[in-house]
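Engineer: Pasting model_23.cif here (mmCIF, C-alpha atoms):
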```cif
data_model
#
loop_
_atom_site.label_atom_id
_atom_site.label_comp_id
_atom_site.auth_asym_id
_atom_site.auth_seq_id
_atom_site.Cartn_x
_atom_site.Cartn_y
_atom_site.Cartn_z
CA MET U 5 1.54 17.28 -7.31
CA THR U 6 2.36 17.45 -3.59
CA LEU U 7 1.20 13.88 -3.01
CA ASN U 8 3.41 12.63 -5.86
CA ALA U 9 6.43 14.45 -4.43
CA VAL U 10 5.76 13.01 -0.96
CA GLN U 11 5.42 9.52 -2.46
CA ALA U 12 8.75 9.99 -4.29
CA ALA U 13 10.41 11.06 -1.03
CA LEU U 14 8.91 8.05 0.73
CA ALA U 15 10.22 5.73 -1.99
CA ALA U 16 13.68 7.30 -1.67
CA GLU U 17 13.60 6.83 2.09
CA HIS U 18 12.68 3.15 1.63
CA ALA U 19 15.72 2.79 -0.64
CA ALA U 20 17.95 4.67 1.81
CA VAL U 21 16.90 2.42 4.69
CA TYR U 22 17.76 -0.61 2.58
CA GLY U 23 21.04 0.93 1.42
CA TYR U 24 22.13 1.76 4.95
CA GLY U 25 21.65 -1.91 5.80
CA VAL U 26 24.38 -2.61 3.27
CA VAL U 27 26.51 0.30 4.49
CA GLY U 28 26.23 -0.90 8.08
CA GLY U 29 27.42 -4.36 7.11
CA ARG U 30 30.54 -3.07 5.36
CA ILE U 31 31.54 0.15 7.10
CA GLY U 32 34.49 0.15 9.46
CA ALA U 33 34.07 0.26 13.22
CA GLY U 34 35.08 3.92 13.34
CA ARG U 35 32.04 5.00 11.32
CA ARG U 36 29.53 2.39 12.43
CA THR U 37 27.78 4.79 14.83
CA GLU U 38 27.43 7.35 12.05
CA ALA U 39 25.86 4.72 9.80
CA ARG U 40 23.53 3.58 12.58
CA GLU U 41 22.39 7.17 13.23
CA ALA U 42 21.79 7.81 9.53
CA HIS U 43 19.82 4.56 9.26
CA ALA U 44 17.64 5.61 12.22
CA ALA U 45 17.11 9.09 10.74
CA HIS U 46 15.95 7.61 7.44
CA ARG U 47 13.61 5.18 9.19
CA SER U 48 12.11 8.08 11.12
CA ARG U 49 11.67 10.19 7.97
CA ARG U 50 10.17 7.19 6.16
CA ASP U 51 7.59 6.68 8.89
CA ALA U 52 6.70 10.39 8.97
CA LEU U 53 6.30 10.47 5.20
CA ALA U 54 4.01 7.44 5.27
CA ARG U 55 1.79 9.32 7.75
CA THR U 56 1.88 12.40 5.51
CA VAL U 57 0.79 10.37 2.49
CA ARG U 58 -2.15 9.03 4.48
CA ASP U 59 -2.98 12.54 5.71
CA LEU U 60 -3.06 13.69 2.07
CA GLY U 61 -5.51 10.88 1.25
CA GLY U 62 -3.05 8.55 -0.45
CA LYS U 63 -1.84 5.02 0.10
CA PRO U 64 1.89 5.01 0.97
CA VAL U 65 4.18 3.31 -1.53
CA VAL U 66 5.65 0.15 -0.08
CA ALA U 67 9.31 -0.76 0.05
CA GLU U 68 10.73 -3.05 -2.59
CA ALA U 69 11.93 -6.46 -1.44
CA ALA U 70 15.44 -5.46 -2.58
CA TYR U 71 17.11 -2.58 -4.39
CA ALA U 72 19.83 -2.62 -7.03
CA LEU U 73 22.95 -0.95 -5.72
CA PRO U 74 24.70 1.52 -8.03
CA PHE U 75 28.00 -0.38 -7.67
CA PRO U 76 29.44 -3.33 -5.72
CA VAL U 77 30.10 -2.62 -2.03
CA PRO U 78 32.83 -5.02 -0.93
CA ASP U 79 34.55 -2.85 1.72
CA ALA U 80 34.39 0.17 4.02
CA ALA U 81 35.53 2.65 1.36
CA THR U 82 32.77 1.71 -1.06
CA ALA U 83 30.29 1.59 1.82
CA ALA U 84 31.08 5.24 2.58
CA LYS U 85 30.75 6.05 -1.12
CA LEU U 86 27.35 4.32 -1.17
CA ALA U 87 26.22 6.31 1.86
CA ALA U 88 27.10 9.56 0.06
CA VAL U 89 25.18 8.43 -3.04
CA LEU U 90 22.16 7.51 -0.92
CA GLU U 91 22.18 10.94 0.70
CA ASP U 92 22.56 12.69 -2.65
CA ARG U 93 19.56 10.78 -4.01
CA VAL U 94 17.45 11.57 -0.96
CA ALA U 95 18.46 15.23 -1.18
CA GLY U 96 17.29 15.28 -4.78
CA VAL U 97 13.79 14.09 -3.99
CA TYR U 98 13.52 16.44 -1.03
CA SER U 99 14.50 19.27 -3.36
CA ASP U 100 11.50 18.32 -5.49
CA LEU U 101 9.29 18.19 -2.41
CA VAL U 102 10.42 21.66 -1.31
CA ARG U 103 9.25 22.96 -4.71
CA ALA U 104 5.92 21.12 -4.54
CA ALA U 105 4.94 21.70 -0.90
CA GLU U 106 3.83 24.65 1.18
CA GLY U 107 3.79 25.54 4.86
CA PRO U 108 4.98 23.04 7.45
CA LEU U 109 5.51 20.27 4.89
CA ARG U 110 7.82 22.54 2.92
CA ARG U 111 9.80 23.38 6.07
CA GLU U 112 10.09 19.68 6.90
CA ALA U 113 11.28 18.91 3.37
CA ALA U 114 13.85 21.71 3.55
CA GLY U 115 15.10 20.34 6.86
CA ALA U 116 15.37 16.84 5.42
CA LEU U 117 17.24 18.22 2.38
CA ARG U 118 19.69 20.01 4.68
CA GLU U 119 20.25 16.91 6.82
CA ALA U 120 20.86 14.72 3.76
CA ALA U 121 23.29 17.27 2.32
CA VAL U 122 25.24 17.43 5.59
CA ARG U 123 25.42 13.64 5.83
CA ALA U 124 26.56 13.43 2.18
CA VAL U 125 29.38 15.89 2.90
CA ARG U 126 30.46 13.86 5.92
CA TRP U 127 30.48 10.62 3.98
CA ARG U 128 32.12 12.09 0.88
CA GLY U 129 34.49 14.46 2.62
CA SER U 130 33.54 17.32 0.27
CA SER U 131 30.48 19.31 -0.65
CA VAL U 132 28.58 20.27 -3.79
CA ALA U 133 27.39 23.75 -4.75
CA PHE U 134 23.66 23.06 -4.69
CA PRO U 135 22.68 19.93 -2.73
CA GLY U 136 19.72 18.14 -4.20
CA LEU U 137 20.28 19.44 -7.72
CA ALA U 138 22.06 17.47 -10.41
CA GLU U 139 25.49 18.89 -11.14
CA LEU U 140 26.05 20.11 -14.69
CA THR U 141 28.71 18.31 -16.63
CA THR U 142 31.16 20.25 -18.77
CA SER U 143 29.37 19.15 -21.93
CA ALA U 144 26.01 20.28 -20.53
CA ARG U 145 27.40 23.73 -19.69
CA GLU U 146 28.89 24.03 -23.15
CA GLY U 147 25.60 23.02 -24.78
CA VAL U 148 26.92 19.77 -26.24
#
```
Step by step, read the file and then write its structure as structure tokens.
Structural biologist:
Amino acid sequence: MTLNAVQAALAAEHAAVYGYGVVGGRIGAGRRTEAREAHAAHRSRRDALARTVRDLGGKPVVAEAAYALPFPVPDAATAAKLAAVLEDRVAGVYSDLVRAAEGPLRREAAGALREAAVRAVRWRGSSVAFPGLAELTTSAREGV
């Protein structure tokens, strides 16, 4: 179970690294440093997770050649929106890893979840109640 959660986090980090390549190409000059720092953070997490997979006896999942973006990214505004989506997705898989892991790995996953949530807030300009968990829609709360 832990190995699967680490592999999922690694796959999400591969996607985030790819996505930040798109963000970096479209984001305005005022936020380019922020995008560059996020890209570096995701590369670092990706590399650490690959080592963790090997330490757990697994073979790290490899990055896809390309990833489908959730929407077109023609400008800086949509690039910032994409960055927030990337961080939300990464936070979600780290939430799963926090549940599956113990000890130092759990602390690392919690730290990564926190960092992704903070970056998502910065990109979005607002926060969510429980980062890493899917928000309930009105129909879901009402049992529809």
Engineer: If I put a ball of radius 12 Å at (5.3, 8.6, 6.9) in the file's coordinates, which residues poke into it when counting all atoms listed in the file, written as a PyMOL selection string?
Structural biologist: chain U and resi 7+10-15+17-18+46-60+62-66+109
Engineer: Counting only C-alpha atoms, figure out which residue out of U:Ala72, U:Met5, U:Ala80, U:Val26 gets nearest to Arg40 in chain U.
Structural biologist: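 Ranked by minimum distance to Arg40 in chain U, first place goes to U:Val26.
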Engineer: For the PyMOL selection byres ((chain U and resi 97) around 12), applied here, can you spell out every residue it catches as an MDAnalysis selection string?
Structural biologist: chainID U and resid 6 8:17 19:20 90:96 98:104 113:114 116:117 120:121 135:138
Engineer: Taking all atoms of range 97-104 of chain U that the file lists, what box with edges along x, y and z, padded by 3 Å per side, do you get, with centre and edge lengths in Å to one decimal, as AutoDock Vina command-line options?
Structural biologist:
```
--center_x 10.2 --center_y 18.5 --center_z -3.3 --size_x 14.6 --size_y 14.9 --size_z 10.5
```
Engineer: Record the distance separating CA of Gly34 in chain U and CA of Arg123 in chain U, expressed in Å with one decimal.
Structural biologist: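 Taking CA of Gly34 in chain U and CA of Arg123 in chain U, their separation equals 15.6 Å.
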Engineer: Enter the distance from CA of Arg118 in chain U to CA of Tyr71 in chain U, in Å, rounded to one decimal.
Structural biologist: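 We find that CA of Arg118 in chain U and CA of Tyr71 in chain U lie 24.5 Å from each other.
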Engineer: Between U:Ala87, U:Val21, U:Ala67, U:Leu73, which residue has the minimum interatomic distance to Arg36 in chain U, considering all atoms listed in the file?
Structural biologist: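 Closest to Arg36 in chain U, using all atoms listed in the file: U:Ala87.
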Engineer: Residues within 6 Å of (30.5, 9.9, -0.9), file coordinates, counting all atoms listed in the file: what are they? Give the list as a short mmCIF file (atom, residue, chain, number, x, y, z; two decimals) with C-alpha atoms, in the frame of the given file.
Structural biologist:
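Full text of selection19.cif as output:
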```cif
data_model
loop_
_atom_site.label_atom_id
_atom_site.label_comp_id
_atom_site.auth_asym_id
_atom_site.auth_seq_id
_atom_site.Cartn_x
_atom_site.Cartn_y
_atom_site.Cartn_z
CA ALA U 84 31.08 5.24 2.58
CA LYS U 85 30.75 6.05 -1.12
CA ALA U 88 27.10 9.56 0.06
CA VAL U 89 25.18 8.43 -3.04
CA TRP U 127 30.48 10.62 3.98
CA ARG U 128 32.12 12.09 0.88
#
```
Engineer: Quick one, how far is CA of Val122 in chain U from CA of Ala83 in chain U?
Structural biologist: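 Value for the CA of Val122 in chain U-CA of Ala83 in chain U distance: 17.0 Å.
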Engineer: Name the residues in contact with Ala39 in chain U at a cut-off of 9 Å, using all atoms listed in the file, excluding same-chain residues fewer than 6 positions from it; report them as a PDB file with C-alpha atoms, keeping the file's coordinate frame.
Structural biologist:
```
ATOM      1  CA  TYR U  24      22.130   1.760   4.950  1.00  0.00           C
ATOM      2  CA  GLY U  25      21.650  -1.910   5.800  1.00  0.00           C
ATOM      3  CA  VAL U  27      26.510   0.300   4.490  1.00  0.00           C
ATOM      4  CA  GLY U  28      26.230  -0.900   8.080  1.00  0.00           C
ATOM      5  CA  ILE U  31      31.540   0.150   7.100  1.00  0.00           C
ATOM      6  CA  ALA U  84      31.080   5.240   2.580  1.00  0.00           C
ATOM      7  CA  ALA U  87      26.220   6.310   1.860  1.00  0.00           C
TER       8      ALA U  87
END
```
